[in-house]
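Working notes, structure below.
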Amino acid sequence: MVMDKISISTLGKFVGEEVTVKGWLYNKRSSGKIKFIVLRDGSGYLQCIYFKGNVSPEIFELADKLGQESSIAVTGKVKEEKRAPGGYELDATGLEVINEAIDYPITLKEHGTEFLMDHRHLWLRSSKQVAILKIRHRIVKAIRDFFDNKGFTLMDPPILTPAACEGTSTLFETPYFDLGKAYLTQSGQLYAEAGAMALGKVYTFGPTFRAEKSKTRRHLTEFWMVEPEVAFNDLNDNMDLAEEFLEYVVQTVISEMTEELKVLERDTTKLQKVKRPLPRISYDEAVEILKKNGVDFEWGNDLGGADETIISNEFDMPVMVHRYPSAVKAFYMKRDPENPKLALAVDVLAPEGYGEVIGGSQREDDFDALLKRIEDNELPREAFEWYLDLRKYGSVPHSGFGLGLERTVSWICGLDHIRETIPFPRMIYRITP
RNA sequence: UCCGCGAUAGCUCAAUGGUGGAGCAUUCGGCUGUUAACCGAAGGGUUGCAAGUUCGAGUCUUGCUCGCGGAGCCA
């Protein structure tokens with residue numbers, strides 16, 4: 001019996017049976033009277049064998065002519081075969097062309113990034129990109145599972161906002177009817193704080209936008225961020241949550257995505273070490289590390305990318321750096337009651353030079369202190385009136401953090417550039433495809 | 001915005017100021033177990049654009065365009 005719509009990943013259940021599998025021609029090889037067609041369908045790869053004596057001359061000819069990425073339906077008997085990639089092979093008898101692809105631009109050989117980025121819509125079909133997309137999906141699912149299982153409520157913040165959330169970054173702006181200008185959000189955090197006062201524990205998970213002209217392997221203009229916010233959590237609670245969260249995400253991915261990590265040739269020995277407790281150091285201790293390594297660093301400055309790498313190299317797992325100078329951090333962060341020059345902030349620096357993957361803090365919950373901070377930063381009070389209300393009606397200590405999805409994918413996959421972590425990256429000089 | 005590097009065949013790259021080549025892809029031929037298969041052959045070029053130096057420029061000079069990496073900013 002010929003069966004229909006079988007994905008390659010489930011072929012093990014059909015050994016000895018004749019099946020039809022639909023997909024795309026990934027690669028082909030031939031040796032006279034035998035042709036090998038490697039079919040991919042998104043779930044895996046299947047080597048199909050066409051022997052000259054077993055099929056009609058027309059089909060044998062067709063198997064020879066078809067170009068890479070032609071969409072086809074292959075029919076044949078499934079058998080186990082150690083020599084075949086994936087472990088199974090199709091003793092093919094049938095070949096039906098759905099659409100013939102002529103001169104597919106991306107070959108299995110090397111290509112430069114500019115060419116690949118111009119063909120990003122096709123590049124996604126490559127085995128490495130498929131592996132990255134699957135790991136990204138698994139990370140997203142792990143993130144949601146983690147918070148859902150802990151009683152958090154997902155709350156979607158607005159993407160169009162009336163003003164800067166943090167008052168620092170350059171934002172994308174767009175006309176908004178009679179109300180003037182609107183801006184694409186750079187963070188859902190302020191709204192998450194409102195949500196935490198309503199629901200106790202919330203997280204936002206959505207796209208965020210920065211119009212900074214950043215031109216590095218760690219930056220996108222459009223990226224996804226997950227931001228938990230918890231009422232009654234102080235900075236230490238926040239760090240406890242962050243390390244448990246990171247451990248869960250990393251351990252889930254390395255235990256469930258072994259095939260994909262192998263495709264990416266990711267050495268997972270360092271990822272396996274991501275277990276609680278993560279090292280916690282203060283900004284002051286971080287400065288000491290920099291000075292010990294010969295960096296001419298002035299207390300009060302923010303840590304640069306190179307500084308972060310030096311600090312994270314001192315540890316073999318992510319390191320939490322807490323209590324930064326308040327001057328380099330956002331206005332909404334609570335001051336350290338033991339030293340008002342410090343903010344109750346925490347950044348988590350990923351190892352292997354991947355830099356900051358988490359930034360968070362305990363929020364300022366005192367009305368007067370927050371108002372003064374808004375005024376000192378010359379932010380428009382009227383835009384933050386609702387935010388101040390949260391401190392007027394039943395204010396409580398609360399904390400949260402944001403994790404950059406793409407930086408996390410980049411780190412876990414061991415990529416050298418963030419542009420491969422998102423299907424269609426948006427960067428300063430690229431908005432197509 | 002600043003600093004550095006680069007642009008040669010569809011792709012990845014060679015070419016001392018002196019007749020622009022190779023591998024892959026494509027087309028044709030060969031091979032009954034290939035693993036980015038292999039072997040043989042063919043087609044394929046306004047060397048990013050514009051000007052200059054020179055007997056002669058892919059190569060040297062200037063400007064421009066585009067890209068890449070880094071800084072700042074941040075996740």
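Labeling convention for the structure tokens: chains A, B, ... as they appear, residues from 1 per chain, ligands from 1 in order of appearance.
Proximity to chain A at a cut-off of 9 Å picks out U1, G10, C11, U12, C24, A25, U26, G30, C31, U32, G33, U34, U35, A36, A37, C38, G67, C68, G69, G70, G72, C73, C74 and A75 of chain B on chain B, counting only C-alpha atoms (C1' of nucleotides).
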Where does DSSP see strand (DSSP E) in range 194-239 of chain A, if you list the residues as a list in words? Lys201, Val202, Tyr203, Thr204, Phe205, Gly206, Pro207, Thr208, Phe209, Glu222, Phe223, Trp224, Met225, Val226, Glu227, Pro228, Glu229, Val230 and Ala231 of chain A
How would the residues just chosen look if you wrote them out with all heavy atoms as a compact mmCIF listing (two decimals), in the first residue's frame?
```txt
# COMPACT_ATOMS: atom_id res chain seq x y z
N LYS A 201 3.04 37.96 38.96
CA LYS A 201 4.20 37.51 38.17
C LYS A 201 3.81 37.51 36.70
O LYS A 201 2.90 36.79 36.30
CB LYS A 201 4.62 36.09 38.58
CG LYS A 201 5.12 35.98 40.00
CD LYS A 201 5.68 34.60 40.29
CE LYS A 201 4.58 33.63 40.65
NZ LYS A 201 5.13 32.33 41.15
N VAL A 202 4.49 38.31 35.90
CA VAL A 202 4.18 38.36 34.47
C VAL A 202 5.47 38.28 33.67
O VAL A 202 6.57 38.47 34.19
CB VAL A 202 3.46 39.67 34.07
CG1 VAL A 202 2.13 39.82 34.78
CG2 VAL A 202 4.35 40.88 34.33
N TYR A 203 5.31 37.94 32.40
CA TYR A 203 6.43 38.11 31.47
C TYR A 203 5.90 38.59 30.14
O TYR A 203 4.79 38.26 29.75
CB TYR A 203 7.26 36.83 31.33
CG TYR A 203 6.60 35.67 30.62
CD1 TYR A 203 6.93 35.35 29.30
CD2 TYR A 203 5.68 34.86 31.28
CE1 TYR A 203 6.36 34.26 28.66
CE2 TYR A 203 5.09 33.76 30.63
CZ TYR A 203 5.44 33.48 29.33
OH TYR A 203 4.86 32.40 28.70
N THR A 204 6.70 39.42 29.51
CA THR A 204 6.38 39.86 28.16
C THR A 204 7.35 39.15 27.23
O THR A 204 8.45 38.78 27.62
CB THR A 204 6.57 41.38 27.98
OG1 THR A 204 7.96 41.68 28.02
CG2 THR A 204 5.86 42.15 29.09
N PHE A 205 6.93 38.92 26.01
CA PHE A 205 7.81 38.25 25.04
C PHE A 205 7.44 38.74 23.65
O PHE A 205 6.40 38.34 23.12
CB PHE A 205 7.64 36.73 25.15
CG PHE A 205 8.78 35.94 24.56
CD1 PHE A 205 8.85 34.57 24.75
CD2 PHE A 205 9.79 36.56 23.84
CE1 PHE A 205 9.91 33.83 24.23
CE2 PHE A 205 10.85 35.83 23.32
CZ PHE A 205 10.91 34.46 23.52
N GLY A 206 8.24 39.62 23.12
CA GLY A 206 7.89 40.16 21.81
C GLY A 206 9.04 40.90 21.18
O GLY A 206 10.14 40.97 21.74
N PRO A 207 8.79 41.45 20.01
CA PRO A 207 9.85 42.18 19.30
C PRO A 207 10.10 43.54 19.92
O PRO A 207 9.18 44.17 20.44
CB PRO A 207 9.28 42.32 17.88
CG PRO A 207 7.80 42.29 18.06
CD PRO A 207 7.54 41.40 19.24
N THR A 208 11.33 43.98 19.87
CA THR A 208 11.70 45.31 20.34
C THR A 208 12.60 45.93 19.28
O THR A 208 13.17 45.23 18.45
CB THR A 208 12.45 45.26 21.68
OG1 THR A 208 13.51 44.32 21.57
CG2 THR A 208 11.52 44.81 22.80
N PHE A 209 12.72 47.25 19.34
CA PHE A 209 13.37 47.96 18.24
C PHE A 209 14.34 49.01 18.77
O PHE A 209 14.02 49.74 19.71
CB PHE A 209 12.31 48.65 17.37
CG PHE A 209 11.24 47.70 16.91
CD1 PHE A 209 10.13 47.43 17.72
CD2 PHE A 209 11.35 47.04 15.71
CE1 PHE A 209 9.14 46.54 17.31
CE2 PHE A 209 10.37 46.14 15.29
CZ PHE A 209 9.27 45.89 16.09
N GLU A 222 15.99 45.10 15.10
CA GLU A 222 14.74 44.48 15.55
C GLU A 222 15.10 43.15 16.19
O GLU A 222 15.73 42.31 15.54
CB GLU A 222 13.82 44.25 14.33
CG GLU A 222 12.54 43.51 14.66
CD GLU A 222 11.72 43.28 13.38
OE1 GLU A 222 11.60 44.19 12.55
OE2 GLU A 222 11.21 42.15 13.23
N PHE A 223 14.77 42.96 17.44
CA PHE A 223 15.10 41.71 18.11
C PHE A 223 14.04 41.38 19.13
O PHE A 223 13.20 42.21 19.50
CB PHE A 223 16.48 41.80 18.76
CG PHE A 223 16.58 42.79 19.88
CD1 PHE A 223 16.47 42.39 21.22
CD2 PHE A 223 16.77 44.14 19.62
CE1 PHE A 223 16.56 43.31 22.26
CE2 PHE A 223 16.86 45.06 20.64
CZ PHE A 223 16.75 44.65 21.96
N TRP A 224 14.05 40.13 19.59
CA TRP A 224 13.04 39.65 20.52
C TRP A 224 13.59 39.60 21.93
O TRP A 224 14.73 39.21 22.15
CB TRP A 224 12.52 38.27 20.09
CG TRP A 224 11.62 38.38 18.90
CD1 TRP A 224 11.97 38.83 17.66
CD2 TRP A 224 10.22 38.08 18.85
NE1 TRP A 224 10.86 38.83 16.83
CE2 TRP A 224 9.79 38.37 17.54
CE3 TRP A 224 9.30 37.59 19.78
CZ2 TRP A 224 8.46 38.17 17.14
CZ3 TRP A 224 7.99 37.39 19.38
CH2 TRP A 224 7.57 37.69 18.08
N MET A 225 12.73 39.98 22.85
CA MET A 225 13.18 40.03 24.23
C MET A 225 12.08 39.44 25.12
O MET A 225 10.91 39.69 24.90
CB MET A 225 13.47 41.49 24.62
CG MET A 225 14.15 41.64 25.95
SD MET A 225 15.17 43.14 26.02
CE MET A 225 13.95 44.41 25.81
N VAL A 226 12.51 38.65 26.10
CA VAL A 226 11.57 38.16 27.11
C VAL A 226 11.87 38.90 28.41
O VAL A 226 13.03 39.06 28.78
CB VAL A 226 11.67 36.62 27.30
CG1 VAL A 226 13.07 36.20 27.67
CG2 VAL A 226 10.66 36.15 28.34
N GLU A 227 10.83 39.42 29.04
CA GLU A 227 11.03 40.25 30.22
C GLU A 227 10.09 39.87 31.35
O GLU A 227 8.93 40.28 31.37
CB GLU A 227 10.82 41.73 29.85
CG GLU A 227 11.84 42.25 28.86
CD GLU A 227 11.54 43.68 28.42
OE1 GLU A 227 10.62 43.86 27.61
OE2 GLU A 227 12.21 44.59 28.91
N PRO A 228 10.57 39.05 32.29
CA PRO A 228 9.76 38.76 33.47
C PRO A 228 9.79 39.94 34.45
O PRO A 228 10.78 40.66 34.52
CB PRO A 228 10.46 37.54 34.08
CG PRO A 228 11.88 37.68 33.65
CD PRO A 228 11.86 38.33 32.30
N GLU A 229 8.69 40.09 35.16
CA GLU A 229 8.61 41.16 36.17
C GLU A 229 7.82 40.59 37.35
O GLU A 229 6.73 40.05 37.15
CB GLU A 229 7.91 42.39 35.58
CG GLU A 229 7.99 43.62 36.45
CD GLU A 229 9.40 44.25 36.47
OE1 GLU A 229 10.11 44.15 35.46
OE2 GLU A 229 9.76 44.80 37.51
N VAL A 230 8.38 40.70 38.56
CA VAL A 230 7.78 40.02 39.71
C VAL A 230 7.60 40.99 40.88
O VAL A 230 8.56 41.62 41.33
CB VAL A 230 8.64 38.83 40.17
CG1 VAL A 230 7.96 38.08 41.31
CG2 VAL A 230 8.92 37.88 39.00
N ALA A 231 6.36 41.09 41.36
CA ALA A 231 6.08 41.91 42.53
C ALA A 231 6.69 41.26 43.77
O ALA A 231 6.70 40.03 43.89
CB ALA A 231 4.57 42.06 42.71
```
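Each of A:Leu241, A:Ile281, A:Ile98, A:Leu235 was checked against Phe147 in chain A using only C-alpha atoms; the smallest atom-to-atom distance is that of A:Leu241.
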Top pick for closest residue to Ala350 in chain A, considering A:Ile289, A:Val74, A:Ile412, A:Leu39 and counting only C-alpha atoms: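 Distance minimum relative to Ala350 in chain A lands on A:Ile412.
Across the structure, CA of Lys22 in chain A and CA of Glu260 in chain A are spaced 21.8 Å apart.
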Might you pull out every residue within 12 Å of U61 in chain B, with only C-alpha atoms (C1' of nucleotides) counted and same-chain residues fewer than 6 positions away left off, and present them as number ranges by chain? B: 51-54
With C-alpha atoms (C1' of nucleotides) retained, could you export that selection as a PDB file, in the first residue's frame?
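Result file out_20.pdb:
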```pdb
ATOM      1  C1'   A B  51      38.792  60.345 -13.521  1.00  0.00           C
ATOM      2  C1'   G B  52      44.252  60.450 -13.413  1.00  0.00           C
ATOM      3  C1'   U B  53      49.686  58.621 -13.783  1.00  0.00           C
ATOM      4  C1'   U B  54      52.077  55.363 -17.568  1.00  0.00           C
TER       5        U B  54
END
```
Please, what distance in Å, to one decimal, runs between CA of Phe152 in chain A and CA of His398 in chain A?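 So the two atoms, CA of Phe152 in chain A and CA of His398 in chain A, lie 14.3 Å apart.
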Do you know which residues are at most 10 Å from Val287 in chain A counting only C-alpha atoms (C1' of nucleotides), after dropping those on the same chain fewer than 4 positions away, and could you put them as a ChimeraX atom specification? /A:282-283,291-293,295-301,303,307,311
